[in-house]
Structure formats: structure tokens, C-alpha cells
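Asks: Take a look at target_17.txt, compact mmCIF, C-alpha atoms and all ligand atoms:
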```txt
# COMPACT_ATOMS: atom_id res chain seq x y z
CA MET A 512 0.00 0.00 0.00
CA ASN A 513 1.45 3.41 -0.96
CA VAL A 514 1.25 6.59 1.14
CA ARG A 515 -1.82 7.84 -0.73
CA ASP A 516 -3.72 4.60 -0.06
CA VAL A 517 -2.69 4.62 3.62
CA VAL A 518 -4.05 8.18 3.96
CA LEU A 519 -7.33 7.24 2.22
CA GLU A 520 -7.74 4.18 4.47
CA ALA A 521 -7.12 6.40 7.52
CA ILE A 522 -10.07 8.52 6.39
CA LYS A 523 -12.46 5.80 5.25
CA ARG A 524 -12.25 3.32 8.15
CA PRO A 525 -13.09 5.84 10.93
CA ALA A 526 -15.82 7.29 8.69
CA LEU A 527 -17.37 3.81 8.38
CA ARG A 528 -17.18 3.29 12.16
CA ALA A 529 -18.84 6.68 12.69
CA LEU A 530 -21.64 5.78 10.25
CA HIS A 531 -22.36 2.59 12.21
CA ALA A 532 -22.98 4.59 15.39
CA THR A 533 -26.65 5.01 14.38
CA PRO A 534 -29.20 3.16 12.17
CA ARG A 535 -29.49 6.37 10.16
CA GLY A 536 -25.75 6.39 9.43
CA GLU A 537 -25.76 2.67 8.60
CA ALA A 538 -28.66 3.21 6.17
CA ALA A 539 -26.83 6.16 4.58
CA ILE A 540 -23.73 4.14 3.69
CA LEU A 541 -25.84 1.20 2.45
CA ARG A 542 -27.69 3.67 0.21
CA VAL A 543 -24.34 4.69 -1.32
CA TYR A 544 -23.67 1.00 -2.12
CA LEU A 545 -27.18 0.60 -3.49
CA GLU A 546 -26.58 3.46 -5.91
CA GLY A 547 -23.39 1.74 -7.05
CA GLU A 548 -25.20 -1.57 -7.58
CA GLU A 549 -28.15 0.02 -9.37
CA HIS A 550 -26.37 2.55 -11.56
CA ALA A 551 -22.60 2.33 -11.98
CA GLU A 552 -22.11 -1.44 -12.29
CA ARG A 553 -25.27 -2.01 -14.23
CA ALA A 554 -24.57 0.88 -16.65
CA VAL A 555 -21.45 -0.93 -17.83
CA LEU A 556 -23.07 -4.34 -18.15
CA MET A 557 -26.14 -2.90 -19.89
CA ASP A 558 -24.08 -1.31 -22.66
CA PRO A 559 -25.74 -2.17 -26.01
CA VAL A 560 -22.51 -3.74 -27.25
CA THR A 561 -23.00 -6.61 -24.78
CA GLU A 562 -25.89 -7.73 -27.03
CA THR A 563 -23.22 -8.77 -29.56
CA SER A 564 -21.44 -11.04 -27.06
CA PRO A 565 -20.57 -14.63 -27.95
CA PRO A 566 -23.01 -17.15 -26.34
CA TRP A 567 -20.64 -18.11 -23.46
CA LEU A 568 -20.31 -14.44 -22.52
CA ALA A 569 -24.03 -13.71 -22.95
CA ARG A 570 -24.83 -16.56 -20.50
CA TRP A 571 -22.40 -15.16 -17.93
CA LEU A 572 -23.78 -11.62 -18.35
CA VAL A 573 -27.29 -12.86 -17.53
CA LYS A 574 -25.99 -14.41 -14.29
CA HIS A 575 -23.90 -11.35 -13.47
CA ARG A 576 -26.85 -8.96 -13.90
CA ALA A 577 -29.02 -11.26 -11.76
CA ASP A 578 -26.37 -11.16 -9.00
CA GLU A 579 -26.28 -7.35 -9.07
CA ALA A 580 -30.09 -7.16 -8.95
CA ARG A 581 -30.05 -9.55 -5.96
CA HIS A 582 -27.46 -7.37 -4.19
CA ALA A 583 -29.65 -4.32 -4.75
CA GLY A 584 -32.65 -6.21 -3.33
CA MET A 585 -30.70 -7.29 -0.23
CA LEU A 586 -29.47 -3.73 0.37
CA ARG A 587 -32.98 -2.32 -0.08
CA ALA A 588 -34.40 -4.79 2.45
CA ARG A 589 -31.73 -3.92 5.03
CA ILE A 590 -32.21 -0.16 4.51
CA ARG A 591 -35.98 -0.63 5.01
CA THR A 592 -35.34 -2.41 8.32
CA LEU A 593 -32.93 0.30 9.47
CA THR A 594 -35.12 3.25 8.53
CA GLY A 595 -38.53 1.67 9.16
CA ARG A 596 -39.69 3.14 5.87
CA ALA A 597 -41.07 1.12 2.96
CA GLN A 598 -39.71 3.59 0.40
CA VAL A 599 -35.97 3.51 -0.35
CA ALA A 600 -34.95 6.55 -2.41
CA THR A 601 -31.48 6.58 -3.94
CA GLY A 602 -31.83 9.69 -6.09
CA GLY A 603 -30.04 8.32 -9.17
CA MET A 604 -26.37 8.48 -10.01
CA ASP A 605 -24.48 11.26 -8.24
CA PRO A 606 -22.61 13.94 -10.30
CA ILE A 607 -19.15 12.51 -9.43
CA SER A 608 -20.12 9.03 -10.65
CA ARG A 609 -21.69 10.52 -13.80
CA TRP A 610 -18.44 12.35 -14.50
CA LYS A 611 -16.47 9.13 -14.01
CA MET A 612 -18.81 7.12 -16.25
CA ARG A 613 -18.54 9.73 -19.03
CA ARG A 614 -14.75 9.61 -18.91
CA LEU A 615 -14.75 5.80 -18.94
CA ALA A 616 -17.20 5.69 -21.88
CA ARG A 617 -14.94 8.03 -23.90
CA LEU A 618 -11.90 5.91 -23.08
CA ALA A 619 -13.73 2.71 -24.13
CA GLU A 620 -14.73 4.18 -27.50
CA ASN A 621 -11.22 5.46 -28.19
CA CYS A 622 -9.57 2.13 -27.34
CA ALA A 623 -12.09 -0.23 -29.01
CA PRO A 624 -10.42 -0.23 -32.49
CA ARG A 625 -7.24 -1.67 -30.95
CA PHE A 626 -8.96 -5.01 -30.25
CA ALA A 627 -10.31 -7.62 -32.65
CA ALA A 628 -13.33 -8.09 -30.32
CA GLY A 629 -13.90 -4.30 -30.45
CA LEU A 630 -15.79 -2.40 -27.76
CA LEU A 631 -16.50 -5.59 -25.77
CA VAL A 632 -12.90 -5.59 -24.52
CA PRO A 633 -12.83 -2.08 -22.98
CA ILE A 634 -16.35 -2.62 -21.57
CA LEU A 635 -15.23 -5.82 -19.85
CA ALA A 636 -11.97 -4.20 -18.71
CA ILE A 637 -13.94 -1.37 -17.09
CA ALA A 638 -16.34 -3.88 -15.48
CA TRP A 639 -13.31 -5.86 -14.19
CA ARG A 640 -11.70 -2.83 -12.55
CA MET A 641 -15.04 -1.65 -11.11
CA GLU A 642 -15.69 -5.09 -9.66
CA GLN A 643 -12.20 -5.03 -8.14
CA MET A 644 -12.93 -1.67 -6.60
CA GLY A 645 -16.19 -3.13 -5.23
CA VAL A 646 -14.22 -5.98 -3.63
CA LYS A 647 -11.90 -3.42 -2.00
CA VAL A 648 -14.82 -1.33 -0.70
CA PHE A 649 -16.80 -4.30 0.69
CA ARG A 650 -13.69 -5.98 2.13
CA ARG A 651 -12.81 -2.78 4.00
CA HIS A 652 -16.33 -2.53 5.40
CA VAL A 653 -16.39 -6.21 6.42
CA ASP A 654 -12.99 -5.77 8.16
CA VAL A 655 -14.29 -2.73 10.07
CA LEU A 656 -17.43 -4.59 11.21
CA ARG A 657 -15.51 -7.73 12.22
CA ALA A 658 -13.02 -5.63 14.23
CA ARG A 659 -15.90 -3.76 15.88
CA GLY A 660 -17.21 -7.03 17.29
CA THR A 661 -20.84 -5.86 17.67
CA PRO A 662 -23.14 -8.31 15.81
CA THR A 663 -25.12 -6.74 12.97
CA PRO A 664 -27.05 -8.32 10.06
CA THR A 665 -25.20 -5.83 7.83
CA LEU A 666 -21.98 -7.82 8.31
CA HIS A 667 -23.58 -11.03 7.02
CA LEU A 668 -25.12 -9.13 4.10
CA LEU A 669 -21.81 -7.52 3.10
CA GLU A 670 -19.95 -10.84 3.40
CA LYS A 671 -22.40 -12.40 0.92
CA ILE A 672 -22.01 -9.50 -1.53
CA LEU A 673 -18.22 -9.59 -1.17
CA LYS A 674 -18.17 -13.30 -2.07
CA ASP A 675 -20.17 -12.63 -5.26
CA GLU A 676 -18.04 -9.60 -6.21
CA ARG A 677 -14.91 -11.75 -5.94
CA GLY A 678 -16.56 -14.19 -8.35
CA HIS A 679 -17.34 -11.30 -10.72
CA VAL A 680 -13.68 -10.20 -10.73
CA ALA A 681 -12.57 -13.74 -11.61
CA ALA A 682 -15.25 -14.02 -14.35
CA CYS A 683 -14.19 -10.71 -15.94
CA GLU A 684 -10.56 -11.87 -15.95
CA ARG A 685 -11.52 -15.17 -17.59
CA ALA A 686 -13.62 -13.38 -20.23
CA LEU A 687 -10.79 -10.97 -21.07
CA GLY A 688 -8.41 -13.93 -21.24
CA ARG A 689 -10.62 -15.47 -23.95
CA LEU A 690 -11.28 -12.27 -25.93
CA VAL A 691 -7.86 -10.59 -25.96
CA THR A 692 -5.26 -12.05 -28.30
CA ALA A 693 -1.55 -12.27 -27.44
CA PRO A 694 -0.52 -9.26 -29.62
CA GLU A 695 -3.24 -7.16 -27.92
CA GLN A 696 -1.91 -7.74 -24.38
CA ASN A 697 0.12 -4.50 -24.31
CA ASP A 698 -2.90 -2.48 -25.42
CA LEU A 699 -4.97 -4.12 -22.68
CA ALA A 700 -2.31 -3.27 -20.07
CA MET A 701 -2.33 0.38 -21.23
CA LEU A 702 -6.14 0.47 -21.17
CA VAL A 703 -6.22 -0.92 -17.61
CA PHE A 704 -3.63 1.66 -16.54
CA ARG A 705 -5.85 4.45 -17.89
CA ILE A 706 -9.02 3.02 -16.29
CA ASP A 707 -7.22 2.80 -12.94
CA ARG A 708 -6.05 6.41 -13.25
CA ILE A 709 -9.67 7.55 -13.61
CA GLU A 710 -10.75 5.28 -10.71
CA ARG A 711 -7.98 6.62 -8.49
CA ALA A 712 -9.02 10.22 -9.11
CA PHE A 713 -12.54 9.13 -8.15
CA GLY A 714 -11.18 7.37 -5.03
CA VAL A 715 -10.00 10.68 -3.53
CA LEU A 716 -13.41 12.26 -4.17
CA GLY A 717 -15.14 9.13 -2.84
CA ALA A 718 -13.12 9.35 0.38
CA ALA A 719 -14.10 13.01 0.76
CA VAL A 720 -17.80 12.12 0.25
CA LEU A 721 -17.61 9.26 2.77
CA PHE A 722 -15.79 11.41 5.31
CA THR A 723 -18.29 14.27 4.92
CA LEU A 724 -21.20 11.83 5.25
CA GLY A 725 -19.66 10.30 8.40
CA VAL A 726 -18.95 13.67 10.01
CA THR A 727 -22.35 15.11 9.12
CA LEU A 728 -24.29 12.15 10.53
CA TRP A 729 -22.12 12.03 13.63
CA LEU A 730 -22.72 15.74 14.24
CA VAL A 731 -26.50 15.50 13.86
CA GLN A 732 -26.77 12.69 16.44
CA PRO A 733 -28.29 13.72 19.76
CA LEU A 734 -25.52 14.63 22.22
CA SER A 735 -26.38 11.70 24.49
CA ALA A 736 -26.02 9.22 21.62
CA ARG A 737 -22.73 10.79 20.62
CA ALA A 738 -21.37 10.56 24.14
CA SER A 739 -22.37 6.90 24.49
CA SER A 740 -21.13 5.97 21.02
CA THR A 741 -18.12 3.68 21.18
CA SER A 742 -17.04 4.83 17.72
CA PRO A 743 -14.19 7.28 17.66
CA SER A 744 -14.92 10.81 16.50
CA PRO A 745 -14.17 11.09 12.79
CA THR A 746 -12.45 14.41 13.46
CA ARG A 747 -10.13 12.80 15.96
CA ALA A 748 -9.51 9.84 13.72
CA VAL A 749 -8.02 11.78 10.82
CA THR A 750 -5.68 13.96 12.84
FE FE A 801 -22.77 -6.14 -6.81
FE FE A 802 -20.40 -7.07 -9.13
```
Show this structure as C-alpha cells.
Ligand SMILES: [Fe+2]
Ligand SMILES: [Fe+2]
Replies:
Amino acid sequence: MNVRDVVLEAIKRPALRALHATPRGEAAILRVYLEGEEHAERAVLMDPVTETSPPWLARWLVKHRADEARHAGMLRARIRTLTGRAQVATGGMDPISRWKMRRLARLAENCAPRFAAGLLVPILAIAWRMEQMGVKVFRRHVDVLRARGTPTPTLHLLEKILKDERGHVAACERALGRLVTAPEQNDLAMLVFRIDRIERAFGVLGAAVLFTLGVTLWLVQPLSARASSTSPSPTRAVT
């Protein structure tokens, strides 16, 4: 882990602990994941070019989409329990994610002619890196909840999603292995480098959003709840 990643982890882990101090905070972070499941991941897999996939890939895409829909359903159910409200509003894709998706779509179109399988390769490469980012996000959250030691159904839910996301990463890698020819390997490596650069820029913004969300929800707690919370203050945690 480089210095930048260490700093981001130092922000995100205390922010997650702060969010778990109240059901409202827990629901807020699960809503962020729900938006990811419903919009970002699905936007990539729903690209019209996936309709031209070979049969083996089309079969896998059906399963993959079903997994993501199941994750969204599980998150919705947990948010409902936490908030006590039947309606779960996510508000669509946030402006930062829209910006990221636009940049990724431009990159995919520019790189597609370099591959015999065309646009399918950059689409799958983007899905692969997004799934990997999902694994990182869910693994971090699972680690935080395990270390916290207080039982919560959210831990079991996130462990299930994490297991599926790991399977998605492996499936994307296998699909790219079948579609990308040996002479195209350098172009794939360059494409992945560029995708990761966009993701990393987003990671800094994502940390800022998470931190702000954690601080805001911690501040709006009643004073008594704040005092009895075992979670460290997010302000203290980043200094
Ligand atoms: Fe998912
Ligand atoms: Fe996934």
C-alpha cells in the first residue's frame, strides 16, 4: 500500500465506524452502495454492445446482472429495516459518478479499435476494474465490522455480496483472457492503466464524500447518543 492509499484508508475506516454509530448512518452508507449496484455497475453491463457477445459471454452476463439485482434487493431490504420506511430513495447516479462514467465511456470508444473483439474488450476491462474496486470497498467494510465485534445483520449481508463480487472479478478476468489475443496484451495493459487512473481520481473524491457523510451524521446525532457511542470521533480519527 502506498502513502496515498494509507491516507485514504485512515479517512475511510473511521468514517465507516462513525456511520455505524446510528441506524441512520448505517442506512446512509448502504444507500451509497445501493446506488453503485443500481447505476454504476449495471450501466457498464447494460451497454448495447454486450448484445453482440458470444453465447458463453451472454450466459455469464445474464448471471452477473441477476447477481447485481439480488445485491440491490438485499441492500434495499436492510435499509428498510434500518429506517422503518417502505420507500428507499437513492436519487439516481451522483454527479461525481456521472463524471467518471462519461470519462470511462470516452476511453472505451477510443480504445475499441485496438482489439479484434472491439468495444466488448474495454467494456469488460472497465467492469473488471469496477468489480475489483467493489471488492476493495466491501472488504474494508467487512474488516471494520468484524473488528468492531458488535453483531449486525449488515456484516452477514456484506460478506455475501463480497463473495459474489470476488466471483465477478474472476469471471471478468476469464472473459478478457478469452477475448484478448496475445498481440493485444500490451494495449490491454495500457487500457487498464488508464481506467485505474480515472478510478484513483474518483477514489479521492469518494473518500471526501464518505468522510463528509460520516462527520455530518455524527454531528447531527443527539448529544447523548454521541457521548455513548463507542465509535471514535471522525475528526479525531483523521488527525
Ligand atoms: Fe454487486
Ligand atoms: Fe459485481
Asks: Calculate how many Å separate atom CA of Lys574 of chain A from atom CA of Glu549 of chain A, rounding to one decimal.
Replies: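 That distance, rounded to one decimal, is 15.4 Å.
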Asks: List every protein, DNA or RNA residue that has at least one atom no more than 12 Å from (-33.4, -3.5, 4.8) in the file's coordinates, counting only C-alpha atoms, and write the result as a list in words.
Replies: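 Counting only C-alpha atoms, I find these residues within 12 Å of (-33.4, -3.5, 4.8): Pro534, Arg535, Glu537, Ala538, Ala539, Leu541, Arg542, Leu545, His582, Ala583, Gly584, Met585, Leu586, Arg587, Ala588, Arg589, Ile590, Arg591, Thr592, Leu593, Thr594, Gly595, Arg596, Ala597, Gln598, Val599, Pro664, Thr665 and Leu668 of chain A.
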Asks: Do you have, as a tab-separated table, the list of residues of chain A lying at most 8 Å from ligand FE 802 (chain A), each with its nearest atom pair and that distance in Å to one decimal, counting only C-alpha atoms and all ligand atoms and ordered by chain then number?
Replies:
```
residue	atom	partner	partner_atom	distance
A:Glu548	CA	A:FE802	FE	7.5
A:Glu552	CA	A:FE802	FE	6.7
A:His575	CA	A:FE802	FE	7.0
A:Asp578	CA	A:FE802	FE	7.2
A:Glu579	CA	A:FE802	FE	5.9
A:Met641	CA	A:FE802	FE	7.9
A:Glu642	CA	A:FE802	FE	5.1
A:Gly645	CA	A:FE802	FE	7.0
A:Asp675	CA	A:FE802	FE	6.8
A:Glu676	CA	A:FE802	FE	4.5
A:Arg677	CA	A:FE802	FE	7.9
A:His679	CA	A:FE802	FE	5.5
A:Val680	CA	A:FE802	FE	7.6
```
Asks: Taking into account all atoms listed in the file, which residue in the set A:Pro662, A:Pro624, A:Pro525, A:Gly547 is nearest to ligand FE 801 (chain A)?
Replies: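 Using all atoms listed in the file, the shortest distance to ligand FE 801 (chain A) belongs to A:Gly547.
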Asks: If we count only C-alpha atoms and set the cut-off at 12 Å, which residues sit around Arg708 of chain A, ignoring sequence neighbours fewer than 5 positions away in its own chain? Please answer as a ChimeraX atom specification.
Replies: /A:611,614-615,618,637,640,701-703,713-715
Asks: Hey, which of A:Gln696, A:Thr533, A:Thr661, A:Gln643 ends up closest to ligand FE 801 (chain A)? Count only C-alpha atoms and all ligand atoms.
Replies: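 When distances to ligand FE 801 (chain A) are compared using only C-alpha atoms and all ligand atoms, the smallest one comes from A:Gln643.
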